[in-house]
$ cat upload_36.csv   # CSV, N, CA and C atoms
chain,number,residue,atom,x,y,z
A,1,MET,N,-9.9,3.7,-13.8
A,1,MET,CA,-9.9,5.1,-14.0
A,1,MET,C,-9.6,5.8,-12.7
A,2,ILE,N,-8.7,6.7,-12.7
A,2,ILE,CA,-8.3,7.4,-11.5
A,2,ILE,C,-9.1,8.7,-11.4
A,3,PRO,N,-9.7,9.0,-10.2
A,3,PRO,CA,-10.5,10.2,-10.1
A,3,PRO,C,-9.5,11.4,-9.9
A,4,ASP,N,-10.0,12.6,-10.1
A,4,ASP,CA,-9.1,13.8,-9.9
A,4,ASP,C,-9.2,14.3,-8.5
A,5,ARG,N,-10.1,13.8,-7.7
A,5,ARG,CA,-10.3,14.3,-6.3
A,5,ARG,C,-10.4,13.0,-5.4
A,6,CYS,N,-10.0,13.2,-4.2
A,6,CYS,CA,-10.1,12.1,-3.2
A,6,CYS,C,-11.6,11.8,-2.9
A,7,ARG,N,-11.9,10.5,-2.9
A,7,ARG,CA,-13.3,10.2,-2.6
A,7,ARG,C,-13.6,10.4,-1.1
A,8,PHE,N,-12.6,10.5,-0.2
A,8,PHE,CA,-12.8,10.6,1.2
A,8,PHE,C,-12.9,12.1,1.6
A,9,CYS,N,-11.9,12.9,1.2
A,9,CYS,CA,-11.9,14.3,1.7
A,9,CYS,C,-12.0,15.3,0.6
A,10,LYS,N,-12.1,14.9,-0.6
A,10,LYS,CA,-12.3,15.7,-1.8
A,10,LYS,C,-11.0,16.5,-2.1
A,11,GLY,N,-9.9,16.1,-1.5
A,11,GLY,CA,-8.6,16.8,-1.8
A,11,GLY,C,-8.1,16.5,-3.2
A,12,LYS,N,-7.2,17.3,-3.7
A,12,LYS,CA,-6.7,17.1,-5.1
A,12,LYS,C,-5.6,16.0,-5.1
A,13,LEU,N,-5.6,15.2,-6.1
A,13,LEU,CA,-4.6,14.1,-6.2
A,13,LEU,C,-3.5,14.5,-7.1
A,14,HIS,N,-2.3,14.0,-6.7
A,14,HIS,CA,-1.1,14.3,-7.5
A,14,HIS,C,-0.3,13.0,-7.7
A,15,LYS,N,0.5,12.9,-8.8
A,15,LYS,CA,1.3,11.7,-9.0
A,15,LYS,C,2.4,11.7,-7.9
A,16,GLY,N,2.7,10.5,-7.4
A,16,GLY,CA,3.7,10.4,-6.4
A,16,GLY,C,4.0,8.9,-6.1
A,17,GLU,N,4.5,8.6,-5.0
A,17,GLU,CA,4.8,7.3,-4.6
A,17,GLU,C,4.4,7.1,-3.2
A,18,THR,N,4.1,5.9,-2.8
A,18,THR,CA,3.6,5.5,-1.5
A,18,THR,C,4.1,4.2,-1.1
A,19,GLU,N,3.8,3.8,0.1
A,19,GLU,CA,4.0,2.4,0.6
A,19,GLU,C,2.7,1.7,0.6
A,20,PHE,N,2.7,0.4,0.2
A,20,PHE,CA,1.6,-0.5,0.3
A,20,PHE,C,1.9,-1.4,1.5
A,21,MET,N,1.0,-1.5,2.5
A,21,MET,CA,1.2,-2.3,3.6
A,21,MET,C,0.0,-3.2,3.9
A,22,VAL,N,0.3,-4.5,4.1
A,22,VAL,CA,-0.8,-5.4,4.4
A,22,VAL,C,-0.4,-6.3,5.6
A,23,HIS,N,-1.4,-6.5,6.5
A,23,HIS,CA,-1.2,-7.4,7.6
A,23,HIS,C,-1.7,-8.7,7.3
A,24,ALA,N,-0.8,-9.7,7.1
A,24,ALA,CA,-1.2,-11.1,6.8
A,24,ALA,C,-1.0,-11.9,8.0
A,25,PRO,N,-1.6,-13.1,8.1
A,25,PRO,CA,-1.4,-13.9,9.3
A,25,PRO,C,0.1,-14.1,9.7
A,26,GLY,N,0.4,-13.6,10.8
A,26,GLY,CA,1.8,-13.7,11.3
A,26,GLY,C,2.8,-12.8,10.7
A,27,GLU,N,2.5,-11.9,9.8
A,27,GLU,CA,3.5,-11.0,9.2
A,27,GLU,C,2.8,-9.8,8.7
A,28,VAL,N,3.7,-8.8,8.5
A,28,VAL,CA,3.3,-7.5,7.9
A,28,VAL,C,4.2,-7.4,6.6
A,29,ILE,N,3.6,-7.2,5.5
A,29,ILE,CA,4.3,-7.0,4.3
A,29,ILE,C,4.2,-5.6,3.8
A,30,VAL,N,5.4,-5.0,3.5
A,30,VAL,CA,5.4,-3.6,3.0
A,30,VAL,C,6.1,-3.6,1.7
A,31,ILE,N,5.4,-3.0,0.7
A,31,ILE,CA,6.0,-2.7,-0.6
A,31,ILE,C,6.3,-1.2,-0.7
A,32,LYS,N,7.5,-0.9,-0.9
A,32,LYS,CA,8.0,0.5,-1.0
A,32,LYS,C,8.0,1.0,-2.4
A,33,ASP,N,7.9,2.3,-2.5
A,33,ASP,CA,8.1,3.1,-3.8
A,33,ASP,C,7.0,2.7,-4.8
A,34,VAL,N,5.8,2.6,-4.4
A,34,VAL,CA,4.7,2.2,-5.3
A,34,VAL,C,4.1,3.5,-6.0
A,35,PRO,N,4.2,3.5,-7.3
A,35,PRO,CA,3.6,4.7,-8.0
A,35,PRO,C,2.1,4.8,-7.7
A,36,ALA,N,1.6,6.0,-7.4
A,36,ALA,CA,0.2,6.2,-7.1
A,36,ALA,C,-0.2,7.6,-7.3
A,37,PHE,N,-1.5,7.8,-7.3
A,37,PHE,CA,-2.0,9.2,-7.2
A,37,PHE,C,-2.4,9.4,-5.8
A,38,VAL,N,-1.8,10.4,-5.1
A,38,VAL,CA,-1.9,10.6,-3.7
A,38,VAL,C,-2.6,11.9,-3.4
A,39,CYS,N,-3.5,11.8,-2.4
A,39,CYS,CA,-4.3,13.0,-2.0
A,39,CYS,C,-3.4,13.9,-1.2
A,40,GLU,N,-3.3,15.2,-1.6
A,40,GLU,CA,-2.5,16.1,-0.9
A,40,GLU,C,-3.0,16.5,0.5
A,41,GLN,N,-4.2,16.1,0.8
A,41,GLN,CA,-4.8,16.5,2.1
A,41,GLN,C,-4.7,15.3,3.1
A,42,CYS,N,-5.1,14.1,2.7
A,42,CYS,CA,-5.2,13.0,3.6
A,42,CYS,C,-4.3,11.8,3.3
A,43,ASP,N,-3.5,11.9,2.2
A,43,ASP,CA,-2.5,10.9,1.8
A,43,ASP,C,-3.1,9.6,1.3
A,44,GLU,N,-4.5,9.6,1.1
A,44,GLU,CA,-5.1,8.4,0.5
A,44,GLU,C,-4.4,8.1,-0.9
A,45,ALA,N,-4.1,6.8,-1.2
A,45,ALA,CA,-3.5,6.5,-2.4
A,45,ALA,C,-4.4,5.8,-3.4
A,46,TYR,N,-4.3,6.1,-4.7
A,46,TYR,CA,-5.1,5.5,-5.7
A,46,TYR,C,-4.1,4.9,-6.7
A,47,TYR,N,-4.4,3.7,-7.1
A,47,TYR,CA,-3.5,2.9,-8.0
A,47,TYR,C,-4.1,2.7,-9.4
A,48,THR,N,-3.3,2.7,-10.4
A,48,THR,CA,-3.8,2.3,-11.7
A,48,THR,C,-4.0,0.8,-11.7
A,49,ALA,N,-4.7,0.3,-12.8
A,49,ALA,CA,-5.0,-1.1,-12.9
A,49,ALA,C,-3.7,-1.9,-13.0
A,50,LEU,N,-2.7,-1.3,-13.8
A,50,LEU,CA,-1.4,-1.9,-14.0
A,50,LEU,C,-0.7,-2.1,-12.6
A,51,ILE,N,-0.7,-1.0,-11.8
A,51,ILE,CA,0.0,-1.1,-10.5
A,51,ILE,C,-0.7,-2.0,-9.6
A,52,SER,N,-2.0,-2.1,-9.6
A,52,SER,CA,-2.7,-3.0,-8.8
A,52,SER,C,-2.4,-4.4,-9.1
A,53,ARG,N,-2.2,-4.7,-10.4
A,53,ARG,CA,-1.8,-6.1,-10.8
A,53,ARG,C,-0.4,-6.4,-10.3
A,54,LYS,N,0.5,-5.4,-10.4
A,54,LYS,CA,1.9,-5.6,-9.9
A,54,LYS,C,1.9,-5.9,-8.4
A,55,ILE,N,1.1,-5.1,-7.7
A,55,ILE,CA,1.0,-5.4,-6.2
A,55,ILE,C,0.5,-6.8,-6.0
A,56,ASP,N,-0.5,-7.2,-6.7
A,56,ASP,CA,-1.0,-8.6,-6.5
A,56,ASP,C,0.1,-9.6,-6.8
A,57,GLU,N,0.9,-9.4,-7.9
A,57,GLU,CA,2.0,-10.3,-8.2
A,57,GLU,C,3.0,-10.4,-7.1
A,58,VAL,N,3.4,-9.2,-6.5
A,58,VAL,CA,4.3,-9.2,-5.5
A,58,VAL,C,3.8,-9.9,-4.2
A,59,MET,N,2.5,-9.7,-3.9
A,59,MET,CA,1.9,-10.3,-2.7
A,59,MET,C,1.9,-11.8,-2.9
A,60,ARG,N,1.5,-12.3,-4.1
A,60,ARG,CA,1.5,-13.8,-4.3
A,60,ARG,C,2.9,-14.3,-4.1
A,61,ALA,N,3.9,-13.7,-4.7
A,61,ALA,CA,5.3,-14.1,-4.5
A,61,ALA,C,5.7,-14.1,-3.1
A,62,ALA,N,5.3,-13.0,-2.4
A,62,ALA,CA,5.7,-12.9,-0.9
A,62,ALA,C,5.1,-14.0,-0.1
A,63,HIS,N,3.8,-14.3,-0.3
A,63,HIS,CA,3.2,-15.4,0.4
A,63,HIS,C,3.8,-16.8,0.1
A,64,GLN,N,4.3,-16.9,-1.1
A,64,GLN,CA,5.0,-18.2,-1.5
A,64,GLN,C,6.4,-18.2,-1.1
A,65,LYS,N,6.9,-17.2,-0.4
A,65,LYS,CA,8.3,-17.0,0.1
A,65,LYS,C,9.3,-17.0,-1.1
A,66,LYS,N,8.9,-16.4,-2.2
A,66,LYS,CA,9.8,-16.3,-3.3
A,66,LYS,C,10.7,-15.1,-3.3
A,67,PHE,N,10.5,-14.3,-2.3
A,67,PHE,CA,11.4,-13.1,-2.1
A,67,PHE,C,12.2,-13.2,-0.8
A,68,CYS,N,13.4,-12.7,-0.9
A,68,CYS,CA,14.2,-12.5,0.4
A,68,CYS,C,13.8,-11.2,0.9
A,69,MET,N,13.0,-11.1,1.9
A,69,MET,CA,12.5,-9.9,2.5
A,69,MET,C,13.3,-9.5,3.7
A,70,ARG,N,13.5,-8.2,3.8
A,70,ARG,CA,14.2,-7.7,5.0
A,70,ARG,C,13.3,-7.5,6.1
A,71,PRO,N,13.6,-8.1,7.3
A,71,PRO,CA,12.7,-8.0,8.4
A,71,PRO,C,12.6,-6.5,8.9
A,72,LEU,N,11.4,-6.1,9.3
A,72,LEU,CA,11.2,-4.7,9.8
A,72,LEU,C,10.8,-4.8,11.3
A,73,PRO,N,11.4,-3.9,12.1
A,73,PRO,CA,10.9,-3.9,13.5
A,73,PRO,C,9.4,-3.4,13.5
A,74,ALA,N,8.6,-4.0,14.3
A,74,ALA,CA,7.2,-3.5,14.4
A,74,ALA,C,6.6,-3.8,15.7
A,75,GLY,N,5.7,-3.0,16.1
A,75,GLY,CA,5.0,-3.3,17.3
A,75,GLY,C,3.5,-3.4,17.1
A,76,GLU,N,2.8,-4.1,17.9
A,76,GLU,CA,1.4,-4.3,17.7
A,76,GLU,C,0.7,-4.0,19.0
A,77,VAL,N,-0.4,-3.2,19.0
A,77,VAL,CA,-1.1,-2.8,20.1
A,77,VAL,C,-2.6,-3.1,19.9
A,78,SER,N,-3.3,-3.5,20.9
A,78,SER,CA,-4.8,-3.7,20.7
A,78,SER,C,-5.5,-2.7,21.6
A,79,LEU,N,-6.6,-2.1,21.1
A,79,LEU,CA,-7.4,-1.2,21.9
A,79,LEU,C,-8.4,-2.0,22.8
A,80,ASN,N,-8.5,-3.3,22.6
A,80,ASN,CA,-9.4,-4.1,23.4
A,80,ASN,C,-8.8,-4.7,24.6
A,81,GLY,N,-7.8,-4.1,25.1
A,81,GLY,CA,-7.2,-4.6,26.4
A,81,GLY,C,-5.8,-4.9,26.3

$ encode --input "upload_36.csv" --output "structure tokens"
Amino acid sequence: MIPDRCRFCKGKLHKGETEFMVHAPGEVIVIKDVPAFVCEQCDEAYYTALISRKIDEVMRAAHQKKFCMRPLPAGEVSLNG
């Protein structure tokens, strides 16, 4: 069940799309154009159960190298030195 307000800032949610990004060992995986309910104040995204299952499927396939993924330039910085 999707709430009508953001749990973090209490902003109103609207239907939209977002990017899902995860940092896995040695790689960053980004799924673009993910349907979501997005907070209009803080951009927090909420997914339906169906979309969450699709994200899980894509992540499993990505970890098994079943996708030809386009490399993205990225930088990594640590605040610990």

$ atom_distance --input "upload_36.csv" --atom1 "atom CA of A:Asp4" --atom2 "atom N of A:Val34"
19.4 Å

$ closest_residue --input "upload_36.csv" --among "A:His23, A:Lys66, A:Arg53, A:His14" --to "A:Glu40" --atoms "only C-alpha atoms"
A:His14

$ atom_distance --input "upload_36.csv" --atom1 "atom CA of A:Met1" --atom2 "atom CA of A:Val30"
24.5 Å

$ closest_residue --input "upload_36.csv" --among "A:Ala74, A:Cys6, A:Ala61, A:Ile31" --to "A:Thr18" --atoms "only N, CA and C atoms"
A:Ile31

$ atom_distance --input "upload_36.csv" --atom1 "atom CA of A:Phe67" --atom2 "atom CA of A:Phe37"
26.5 Å

$ select_by_dssp --input "upload_36.csv" --residues "chain A" --states "alpha helix (DSSP H)" --output "number ranges by chain"
A: 49-63

$ residues_around --input "upload_36.csv" --residues "A:Asp43" --least-positions-apart "4" --cutoff "9 Å" --atoms "only C-alpha atoms" --output "PyMOL selection string"
chain A and resi 13+18+38-39
